[in-house]
$ cat entry-v1.pdb   # PDB, N, CA and C atoms and all ligand atoms
ATOM      1  N   MET C   1     -46.037 -10.412  48.964  1.00  0.00           N
ATOM      2  CA  MET C   1     -46.564  -9.521  49.996  1.00  0.00           C
ATOM      3  C   MET C   1     -45.940  -9.863  51.343  1.00  0.00           C
ATOM      4  N   SER C   2     -45.410  -8.868  52.012  1.00  0.00           N
ATOM      5  CA  SER C   2     -44.713  -9.117  53.263  1.00  0.00           C
ATOM      6  C   SER C   2     -45.649  -8.931  54.456  1.00  0.00           C
ATOM      7  N   GLU C   3     -45.515  -9.819  55.408  1.00  0.00           N
ATOM      8  CA  GLU C   3     -46.296  -9.667  56.625  1.00  0.00           C
ATOM      9  C   GLU C   3     -45.474  -8.939  57.654  1.00  0.00           C
ATOM     10  N   LYS C   4     -46.136  -8.130  58.444  1.00  0.00           N
ATOM     11  CA  LYS C   4     -45.435  -7.401  59.480  1.00  0.00           C
ATOM     12  C   LYS C   4     -46.275  -7.410  60.748  1.00  0.00           C
ATOM     13  N   PRO C   5     -45.599  -7.410  61.883  1.00  0.00           N
ATOM     14  CA  PRO C   5     -46.352  -7.404  63.139  1.00  0.00           C
ATOM     15  C   PRO C   5     -46.800  -6.006  63.521  1.00  0.00           C
ATOM     16  N   CYS C   6     -47.834  -5.943  64.338  1.00  0.00           N
ATOM     17  CA  CYS C   6     -48.320  -4.679  64.867  1.00  0.00           C
ATOM     18  C   CYS C   6     -47.245  -4.035  65.737  1.00  0.00           C
ATOM     19  N   ILE C   7     -47.042  -2.719  65.550  1.00  0.00           N
ATOM     20  CA  ILE C   7     -46.003  -2.043  66.333  1.00  0.00           C
ATOM     21  C   ILE C   7     -46.474  -1.800  67.762  1.00  0.00           C
ATOM     22  N   LYS C   8     -47.749  -1.940  68.005  1.00  0.00           N
ATOM     23  CA  LYS C   8     -48.265  -1.708  69.352  1.00  0.00           C
ATOM     24  C   LYS C   8     -48.270  -2.979  70.188  1.00  0.00           C
ATOM     25  N   CYS C   9     -48.815  -4.063  69.632  1.00  0.00           N
ATOM     26  CA  CYS C   9     -48.989  -5.272  70.433  1.00  0.00           C
ATOM     27  C   CYS C   9     -48.281  -6.484  69.841  1.00  0.00           C
ATOM     28  N   GLY C  10     -47.720  -6.344  68.624  1.00  0.00           N
ATOM     29  CA  GLY C  10     -47.016  -7.464  68.017  1.00  0.00           C
ATOM     30  C   GLY C  10     -47.944  -8.483  67.378  1.00  0.00           C
ATOM     31  N   GLY C  11     -49.218  -8.190  67.375  1.00  0.00           N
ATOM     32  CA  GLY C  11     -50.183  -9.098  66.764  1.00  0.00           C
ATOM     33  C   GLY C  11     -50.112  -9.055  65.247  1.00  0.00           C
ATOM     34  N   PRO C  12     -50.808  -9.963  64.593  1.00  0.00           N
ATOM     35  CA  PRO C  12     -50.781 -10.018  63.123  1.00  0.00           C
ATOM     36  C   PRO C  12     -51.558  -8.865  62.502  1.00  0.00           C
ATOM     37  N   LEU C  13     -50.979  -8.280  61.448  1.00  0.00           N
ATOM     38  CA  LEU C  13     -51.656  -7.206  60.730  1.00  0.00           C
ATOM     39  C   LEU C  13     -52.324  -7.778  59.487  1.00  0.00           C
ATOM     40  N   VAL C  14     -53.540  -7.359  59.260  1.00  0.00           N
ATOM     41  CA  VAL C  14     -54.251  -7.731  58.040  1.00  0.00           C
ATOM     42  C   VAL C  14     -54.116  -6.578  57.062  1.00  0.00           C
ATOM     43  N   SER C  15     -53.705  -6.869  55.839  1.00  0.00           N
ATOM     44  CA  SER C  15     -53.512  -5.807  54.862  1.00  0.00           C
ATOM     45  C   SER C  15     -54.674  -5.760  53.883  1.00  0.00           C
ATOM     46  N   ILE C  16     -55.070  -4.529  53.560  1.00  0.00           N
ATOM     47  CA  ILE C  16     -56.126  -4.293  52.579  1.00  0.00           C
ATOM     48  C   ILE C  16     -55.594  -3.269  51.590  1.00  0.00           C
ATOM     49  N   SER C  17     -55.603  -3.605  50.306  1.00  0.00           N
ATOM     50  CA  SER C  17     -55.063  -2.701  49.299  1.00  0.00           C
ATOM     51  C   SER C  17     -56.173  -1.999  48.539  1.00  0.00           C
ATOM     52  N   LEU C  18     -55.932  -0.722  48.289  1.00  0.00           N
ATOM     53  CA  LEU C  18     -56.866   0.076  47.497  1.00  0.00           C
ATOM     54  C   LEU C  18     -56.098   0.716  46.354  1.00  0.00           C
ATOM     55  N   ARG C  19     -56.741   0.805  45.205  1.00  0.00           N
ATOM     56  CA  ARG C  19     -56.096   1.480  44.082  1.00  0.00           C
ATOM     57  C   ARG C  19     -56.648   2.894  43.971  1.00  0.00           C
ATOM     58  N   VAL C  20     -55.760   3.869  43.989  1.00  0.00           N
ATOM     59  CA  VAL C  20     -56.153   5.255  43.768  1.00  0.00           C
ATOM     60  C   VAL C  20     -55.461   5.739  42.512  1.00  0.00           C
ATOM     61  N   THR C  21     -55.756   6.963  42.103  1.00  0.00           N
ATOM     62  CA  THR C  21     -55.230   7.468  40.833  1.00  0.00           C
ATOM     63  C   THR C  21     -53.705   7.451  40.790  1.00  0.00           C
ATOM     64  N   THR C  22     -53.074   7.668  41.946  1.00  0.00           N
ATOM     65  CA  THR C  22     -51.616   7.772  41.962  1.00  0.00           C
ATOM     66  C   THR C  22     -50.935   6.453  42.279  1.00  0.00           C
ATOM     67  N   GLY C  23     -51.696   5.388  42.480  1.00  0.00           N
ATOM     68  CA  GLY C  23     -51.060   4.106  42.739  1.00  0.00           C
ATOM     69  C   GLY C  23     -51.824   3.301  43.769  1.00  0.00           C
ATOM     70  N   MET C  24     -51.123   2.348  44.354  1.00  0.00           N
ATOM     71  CA  MET C  24     -51.761   1.496  45.337  1.00  0.00           C
ATOM     72  C   MET C  24     -51.545   2.037  46.737  1.00  0.00           C
ATOM     73  N   ARG C  25     -52.560   1.919  47.555  1.00  0.00           N
ATOM     74  CA  ARG C  25     -52.450   2.254  48.974  1.00  0.00           C
ATOM     75  C   ARG C  25     -52.834   1.015  49.762  1.00  0.00           C
ATOM     76  N   THR C  26     -52.067   0.730  50.781  1.00  0.00           N
ATOM     77  CA  THR C  26     -52.335  -0.456  51.581  1.00  0.00           C
ATOM     78  C   THR C  26     -52.618  -0.057  53.014  1.00  0.00           C
ATOM     79  N   MET C  27     -53.697  -0.566  53.564  1.00  0.00           N
ATOM     80  CA  MET C  27     -54.002  -0.339  54.958  1.00  0.00           C
ATOM     81  C   MET C  27     -53.704  -1.612  55.735  1.00  0.00           C
ATOM     82  N   TYR C  28     -52.909  -1.471  56.807  1.00  0.00           N
ATOM     83  CA  TYR C  28     -52.645  -2.597  57.683  1.00  0.00           C
ATOM     84  C   TYR C  28     -53.469  -2.399  58.943  1.00  0.00           C
ATOM     85  N   SER C  29     -54.265  -3.395  59.265  1.00  0.00           N
ATOM     86  CA  SER C  29     -55.131  -3.314  60.429  1.00  0.00           C
ATOM     87  C   SER C  29     -54.820  -4.462  61.371  1.00  0.00           C
ATOM     88  N   CYS C  30     -54.603  -4.130  62.657  1.00  0.00           N
ATOM     89  CA  CYS C  30     -54.307  -5.152  63.647  1.00  0.00           C
ATOM     90  C   CYS C  30     -55.606  -5.765  64.139  1.00  0.00           C
ATOM     91  N   SER C  31     -55.646  -7.083  64.155  1.00  0.00           N
ATOM     92  CA  SER C  31     -56.860  -7.759  64.624  1.00  0.00           C
ATOM     93  C   SER C  31     -56.895  -7.859  66.142  1.00  0.00           C
ATOM     94  N   GLU C  32     -55.779  -7.507  66.779  1.00  0.00           N
ATOM     95  CA  GLU C  32     -55.711  -7.616  68.241  1.00  0.00           C
ATOM     96  C   GLU C  32     -56.123  -6.307  68.923  1.00  0.00           C
ATOM     97  N   CYS C  33     -55.552  -5.184  68.473  1.00  0.00           N
ATOM     98  CA  CYS C  33     -55.768  -3.923  69.191  1.00  0.00           C
ATOM     99  C   CYS C  33     -56.384  -2.839  68.303  1.00  0.00           C
ATOM    100  N   ASP C  34     -56.707  -3.183  67.050  1.00  0.00           N
ATOM    101  CA  ASP C  34     -57.351  -2.252  66.134  1.00  0.00           C
ATOM    102  C   ASP C  34     -56.438  -1.113  65.700  1.00  0.00           C
ATOM    103  N   TYR C  35     -55.123  -1.286  65.870  1.00  0.00           N
ATOM    104  CA  TYR C  35     -54.167  -0.316  65.339  1.00  0.00           C
ATOM    105  C   TYR C  35     -54.220  -0.352  63.815  1.00  0.00           C
ATOM    106  N   ARG C  36     -54.125   0.821  63.198  1.00  0.00           N
ATOM    107  CA  ARG C  36     -54.150   0.878  61.742  1.00  0.00           C
ATOM    108  C   ARG C  36     -53.048   1.777  61.216  1.00  0.00           C
ATOM    109  N   VAL C  37     -52.473   1.389  60.091  1.00  0.00           N
ATOM    110  CA  VAL C  37     -51.480   2.230  59.439  1.00  0.00           C
ATOM    111  C   VAL C  37     -51.675   2.122  57.933  1.00  0.00           C
ATOM    112  N   TRP C  38     -51.473   3.229  57.263  1.00  0.00           N
ATOM    113  CA  TRP C  38     -51.583   3.250  55.803  1.00  0.00           C
ATOM    114  C   TRP C  38     -50.201   3.355  55.191  1.00  0.00           C
ATOM    115  N   GLU C  39     -50.028   2.686  54.054  1.00  0.00           N
ATOM    116  CA  GLU C  39     -48.769   2.789  53.332  1.00  0.00           C
ATOM    117  C   GLU C  39     -49.030   3.137  51.877  1.00  0.00           C
ATOM    118  N   ALA C  40     -48.117   3.951  51.349  1.00  0.00           N
ATOM    119  CA  ALA C  40     -48.165   4.312  49.943  1.00  0.00           C
ATOM    120  C   ALA C  40     -46.827   3.957  49.325  1.00  0.00           C
ATOM    121  N   GLU C  41     -46.827   2.996  48.431  1.00  0.00           N
ATOM    122  CA  GLU C  41     -45.588   2.538  47.788  1.00  0.00           C
ATOM    123  C   GLU C  41     -44.495   2.262  48.807  1.00  0.00           C
ATOM    124  N   GLY C  42     -44.837   1.590  49.879  1.00  0.00           N
ATOM    125  CA  GLY C  42     -43.831   1.132  50.824  1.00  0.00           C
ATOM    126  C   GLY C  42     -43.512   2.093  51.948  1.00  0.00           C
ATOM    127  N   SER C  43     -44.032   3.330  51.895  1.00  0.00           N
ATOM    128  CA  SER C  43     -43.760   4.256  52.979  1.00  0.00           C
ATOM    129  C   SER C  43     -45.063   4.640  53.666  1.00  0.00           C
ATOM    130  N   THR C  44     -44.960   4.865  54.955  1.00  0.00           N
ATOM    131  CA  THR C  44     -46.144   5.196  55.726  1.00  0.00           C
ATOM    132  C   THR C  44     -46.742   6.520  55.266  1.00  0.00           C
ATOM    133  N   THR C  45     -48.047   6.568  55.197  1.00  0.00           N
ATOM    134  CA  THR C  45     -48.713   7.788  54.780  1.00  0.00           C
ATOM    135  C   THR C  45     -49.851   8.097  55.741  1.00  0.00           C
ATOM    136  N   GLU C  46     -50.398   9.276  55.614  1.00  0.00           N
ATOM    137  CA  GLU C  46     -51.488   9.692  56.491  1.00  0.00           C
ATOM    138  C   GLU C  46     -52.821   9.240  55.926  1.00  0.00           C
ATOM    139  N   LEU C  47     -53.707   8.844  56.818  1.00  0.00           N
ATOM    140  CA  LEU C  47     -55.036   8.446  56.367  1.00  0.00           C
ATOM    141  C   LEU C  47     -55.699   9.586  55.604  1.00  0.00           C
ATOM    142  N   GLY C  48     -55.497  10.808  56.054  1.00  0.00           N
ATOM    143  CA  GLY C  48     -56.113  11.955  55.401  1.00  0.00           C
ATOM    144  C   GLY C  48     -55.711  12.076  53.946  1.00  0.00           C
ATOM    145  N   SER C  49     -54.429  11.816  53.654  1.00  0.00           N
ATOM    146  CA  SER C  49     -53.985  11.937  52.273  1.00  0.00           C
ATOM    147  C   SER C  49     -54.548  10.810  51.429  1.00  0.00           C
ATOM    148  N   VAL C  50     -54.732   9.643  52.040  1.00  0.00           N
ATOM    149  CA  VAL C  50     -55.332   8.532  51.297  1.00  0.00           C
ATOM    150  C   VAL C  50     -56.773   8.866  50.954  1.00  0.00           C
ATOM    151  N   LEU C  51     -57.490   9.409  51.921  1.00  0.00           N
ATOM    152  CA  LEU C  51     -58.882   9.788  51.669  1.00  0.00           C
ATOM    153  C   LEU C  51     -58.961  10.876  50.606  1.00  0.00           C
ATOM    154  N   HIS C  52     -57.984  11.800  50.636  1.00  0.00           N
ATOM    155  CA  HIS C  52     -57.951  12.851  49.642  1.00  0.00           C
ATOM    156  C   HIS C  52     -57.753  12.258  48.254  1.00  0.00           C
ATOM    157  N   GLU C  53     -56.849  11.283  48.157  1.00  0.00           N
ATOM    158  CA  GLU C  53     -56.596  10.649  46.867  1.00  0.00           C
ATOM    159  C   GLU C  53     -57.794   9.819  46.423  1.00  0.00           C
ATOM    160  N   LEU C  54     -58.442   9.185  47.399  1.00  0.00           N
ATOM    161  CA  LEU C  54     -59.626   8.411  47.055  1.00  0.00           C
ATOM    162  C   LEU C  54     -60.721   9.316  46.513  1.00  0.00           C
ATOM    163  N   SER C  55     -60.805  10.519  47.078  1.00  0.00           N
ATOM    164  CA  SER C  55     -61.844  11.440  46.634  1.00  0.00           C
ATOM    165  C   SER C  55     -61.600  11.890  45.204  1.00  0.00           C
ATOM    166  N   LYS C  56     -60.335  11.826  44.772  1.00  0.00           N
ATOM    167  CA  LYS C  56     -60.013  12.213  43.400  1.00  0.00           C
ATOM    168  C   LYS C  56     -60.116  11.033  42.443  1.00  0.00           C
ATOM    169  N   THR C  57     -60.252   9.832  43.007  1.00  0.00           N
ATOM    170  CA  THR C  57     -60.328   8.640  42.182  1.00  0.00           C
ATOM    171  C   THR C  57     -61.734   8.490  41.633  1.00  0.00           C
ATOM    172  N   ARG C  58     -61.808   8.298  40.344  1.00  0.00           N
ATOM    173  CA  ARG C  58     -63.126   8.148  39.742  1.00  0.00           C
ATOM    174  C   ARG C  58     -63.689   6.769  40.047  1.00  0.00           C
ATOM    175  N   VAL C  59     -64.829   6.768  40.660  1.00  0.00           N
ATOM    176  CA  VAL C  59     -65.513   5.519  40.969  1.00  0.00           C
ATOM    177  C   VAL C  59     -66.825   5.496  40.206  1.00  0.00           C
ATOM    178  N   PRO C  60     -67.084   4.422  39.487  1.00  0.00           N
ATOM    179  CA  PRO C  60     -68.351   4.347  38.744  1.00  0.00           C
ATOM    180  C   PRO C  60     -69.543   4.449  39.699  1.00  0.00           C
ATOM    181  N   ARG C  61     -70.462   5.267  39.343  1.00  0.00           N
ATOM    182  CA  ARG C  61     -71.660   5.422  40.170  1.00  0.00           C
ATOM    183  C   ARG C  61     -72.892   5.057  39.348  1.00  0.00           C
ATOM    184  N   ARG C  62     -73.857   4.502  40.052  1.00  0.00           N
ATOM    185  CA  ARG C  62     -75.061   4.057  39.351  1.00  0.00           C
ATOM    186  C   ARG C  62     -75.845   5.220  38.781  1.00  0.00           C
ATOM    187  N   ASN C  63     -75.794   6.347  39.487  1.00  0.00           N
ATOM    188  CA  ASN C  63     -76.635   7.461  39.061  1.00  0.00           C
ATOM    189  C   ASN C  63     -75.899   8.426  38.140  1.00  0.00           C
ATOM    190  N   SER C  64     -74.742   7.985  37.580  1.00  0.00           N
ATOM    191  CA  SER C  64     -74.023   8.864  36.676  1.00  0.00           C
ATOM    192  C   SER C  64     -74.783   9.006  35.353  1.00  0.00           C
ATOM    193  N   ARG C  65     -74.582  10.161  34.736  1.00  0.00           N
ATOM    194  CA  ARG C  65     -75.249  10.396  33.468  1.00  0.00           C
ATOM    195  C   ARG C  65     -74.699   9.491  32.395  1.00  0.00           C
ATOM    196  N   GLN C  66     -75.557   9.125  31.469  1.00  0.00           N
ATOM    197  CA  GLN C  66     -75.094   8.253  30.402  1.00  0.00           C
ATOM    198  C   GLN C  66     -75.341   8.865  29.035  1.00  0.00           C
TER
HETATM  199 ZN    ZN K   1     -51.998  -4.577  67.670  1.00  0.00          ZN
END

$ encode --input "entry-v1.pdb" --output "structure tokens"
Amino acid sequence: MSEKPCIKCGGPLVSISLRVTTGMRTMYSCSECDYRVWEAEGSTTELGSVLHELSKTRVPRRNSRQ
């Protein structure tokens, strides 16, 4: 996993990975200025598209029918 500095302030970015149906999405969050960027397979993506993919990802729910 590669570390990268914040493009705004140069501070350290914390990465958080999420798995969606189409693959892994990584969110980089700056602890200094709260800048955030999402990446999909190494390229920057829009938060909206990540949320869209997350909405299509099946997540187990407690109240699902059995
Ligand atoms: Zn920053």

$ select_by_dssp --input "entry-v1.pdb" --residues "chain C" --states "alpha helix (DSSP H)" --output "ChimeraX atom specification"
/C:47-56

$ write_last_selection --input "entry-v1.pdb" --atoms "N, CA and C atoms" --output "PDB file, in the coordinates of the input"
ATOM      1  N   LEU C  47     -53.707   8.844  56.818  1.00  0.00           N
ATOM      2  CA  LEU C  47     -55.036   8.446  56.367  1.00  0.00           C
ATOM      3  C   LEU C  47     -55.699   9.586  55.604  1.00  0.00           C
ATOM      4  N   GLY C  48     -55.497  10.808  56.054  1.00  0.00           N
ATOM      5  CA  GLY C  48     -56.113  11.955  55.401  1.00  0.00           C
ATOM      6  C   GLY C  48     -55.711  12.076  53.946  1.00  0.00           C
ATOM      7  N   SER C  49     -54.429  11.816  53.654  1.00  0.00           N
ATOM      8  CA  SER C  49     -53.985  11.937  52.273  1.00  0.00           C
ATOM      9  C   SER C  49     -54.548  10.810  51.429  1.00  0.00           C
ATOM     10  N   VAL C  50     -54.732   9.643  52.040  1.00  0.00           N
ATOM     11  CA  VAL C  50     -55.332   8.532  51.297  1.00  0.00           C
ATOM     12  C   VAL C  50     -56.773   8.866  50.954  1.00  0.00           C
ATOM     13  N   LEU C  51     -57.490   9.409  51.921  1.00  0.00           N
ATOM     14  CA  LEU C  51     -58.882   9.788  51.669  1.00  0.00           C
ATOM     15  C   LEU C  51     -58.961  10.876  50.606  1.00  0.00           C
ATOM     16  N   HIS C  52     -57.984  11.800  50.636  1.00  0.00           N
ATOM     17  CA  HIS C  52     -57.951  12.851  49.642  1.00  0.00           C
ATOM     18  C   HIS C  52     -57.753  12.258  48.254  1.00  0.00           C
ATOM     19  N   GLU C  53     -56.849  11.283  48.157  1.00  0.00           N
ATOM     20  CA  GLU C  53     -56.596  10.649  46.867  1.00  0.00           C
ATOM     21  C   GLU C  53     -57.794   9.819  46.423  1.00  0.00           C
ATOM     22  N   LEU C  54     -58.442   9.185  47.399  1.00  0.00           N
ATOM     23  CA  LEU C  54     -59.626   8.411  47.055  1.00  0.00           C
ATOM     24  C   LEU C  54     -60.721   9.316  46.513  1.00  0.00           C
ATOM     25  N   SER C  55     -60.805  10.519  47.078  1.00  0.00           N
ATOM     26  CA  SER C  55     -61.844  11.440  46.634  1.00  0.00           C
ATOM     27  C   SER C  55     -61.600  11.890  45.204  1.00  0.00           C
ATOM     28  N   LYS C  56     -60.335  11.826  44.772  1.00  0.00           N
ATOM     29  CA  LYS C  56     -60.013  12.213  43.400  1.00  0.00           C
ATOM     30  C   LYS C  56     -60.116  11.033  42.443  1.00  0.00           C
TER      31      LYS C  56
END

$ select_by_dssp --input "entry-v1.pdb" --residues "chain C" --states "strand (DSSP E)" --output "list in words"
Leu13, Val14, Ser15, Ile16, Ser17, Leu18, Arg19, Val20, Gly23, Met24, Arg25, Thr26, Met27, Tyr28, Ser29, Cys30, Arg36, Val37, Trp38, Glu39, Ala40, Ser43, Thr44 and Thr45 of chain C

$ residues_around --input "entry-v1.pdb" --residues "stretch 12-23 of chain C" --least-positions-apart "5" --cutoff "10 Å" --atoms "only C-alpha atoms" --output "ChimeraX atom specification"
/C:1-7,28-41,50-59

$ atom_distance --input "entry-v1.pdb" --atom1 "atom ZN of ligand ZN 1 (chain K)" --atom2 "atom N of C:Met27"
14.8 Å

$ decode --input "entry-v1.pdb" --residues "chain C" --atoms "C-alpha atoms" --output "short mmCIF file (atom, residue, chain, number, x, y, z; two decimals), in the first residue's frame"
data_model
loop_
_atom_site.label_atom_id
_atom_site.label_comp_id
_atom_site.auth_asym_id
_atom_site.auth_seq_id
_atom_site.Cartn_x
_atom_site.Cartn_y
_atom_site.Cartn_z
CA MET C 1 0.00 0.00 0.00
CA SER C 2 1.45 3.32 -1.05
CA GLU C 3 1.31 6.41 1.09
CA LYS C 4 0.69 9.75 -0.51
CA PRO C 5 0.64 13.27 0.83
CA CYS C 6 -2.38 15.53 0.84
CA ILE C 7 -2.52 17.65 -2.32
CA LYS C 8 -3.81 20.59 -0.32
CA CYS C 9 -1.54 20.78 2.72
CA GLY C 10 1.00 17.98 2.24
CA GLY C 11 -0.13 16.28 5.42
CA PRO C 12 -0.43 12.51 5.80
CA LEU C 13 -3.43 10.82 4.21
CA VAL C 14 -5.20 8.01 5.99
CA SER C 15 -6.60 5.39 3.62
CA ILE C 16 -9.80 3.45 4.17
CA SER C 17 -10.75 0.67 1.77
CA LEU C 18 -14.26 -0.48 0.99
CA ARG C 19 -15.29 -3.44 -1.10
CA VAL C 20 -18.12 -2.86 -3.56
CA THR C 21 -19.56 -5.16 -6.20
CA THR C 22 -17.18 -3.89 -8.87
CA GLY C 23 -14.03 -3.98 -6.78
CA MET C 24 -12.20 -2.09 -4.10
CA ARG C 25 -12.65 1.60 -3.43
CA THR C 26 -10.20 3.50 -1.30
CA MET C 27 -10.88 6.76 0.47
CA TYR C 28 -7.91 8.91 1.41
CA SER C 29 -8.63 11.34 4.21
CA CYS C 30 -6.24 14.06 5.37
CA SER C 31 -5.91 14.32 9.12
CA GLU C 32 -4.68 17.90 8.82
CA CYS C 33 -7.25 19.69 6.65
CA ASP C 34 -10.00 17.06 6.20
CA TYR C 35 -9.40 16.84 2.44
CA ARG C 36 -10.81 13.63 1.01
CA VAL C 37 -10.36 11.79 -2.26
CA TRP C 38 -11.73 8.50 -3.49
CA GLU C 39 -9.89 6.07 -5.72
CA ALA C 40 -11.12 3.16 -7.76
CA GLU C 41 -8.44 0.72 -8.92
CA GLY C 42 -5.77 3.39 -8.76
CA SER C 43 -7.66 6.22 -10.45
CA THR C 44 -9.51 9.04 -8.80
CA THR C 45 -13.26 8.66 -8.74
CA GLU C 46 -16.24 10.68 -7.60
CA LEU C 47 -17.73 10.16 -4.19
CA GLY C 48 -21.15 10.02 -5.83
CA SER C 49 -20.19 7.04 -7.96
CA VAL C 50 -18.78 5.25 -4.93
CA LEU C 51 -22.01 5.80 -3.05
CA HIS C 52 -23.92 4.58 -6.08
CA GLU C 53 -21.85 1.40 -6.16
CA LEU C 54 -22.23 0.97 -2.43
CA SER C 55 -25.98 1.21 -2.82
CA LYS C 56 -25.81 -1.70 -5.26
CA THR C 57 -23.62 -3.73 -2.93
CA ARG C 58 -25.51 -6.30 -0.98
CA VAL C 59 -25.02 -5.80 2.71
CA PRO C 60 -26.41 -8.32 5.17
CA ARG C 61 -29.19 -6.78 7.19
CA ARG C 62 -30.60 -8.00 10.45
CA ASN C 63 -34.18 -7.53 9.36
CA SER C 64 -33.81 -9.44 6.09
CA ARG C 65 -36.24 -12.23 5.43
CA GLN C 66 -35.06 -15.71 6.15
#
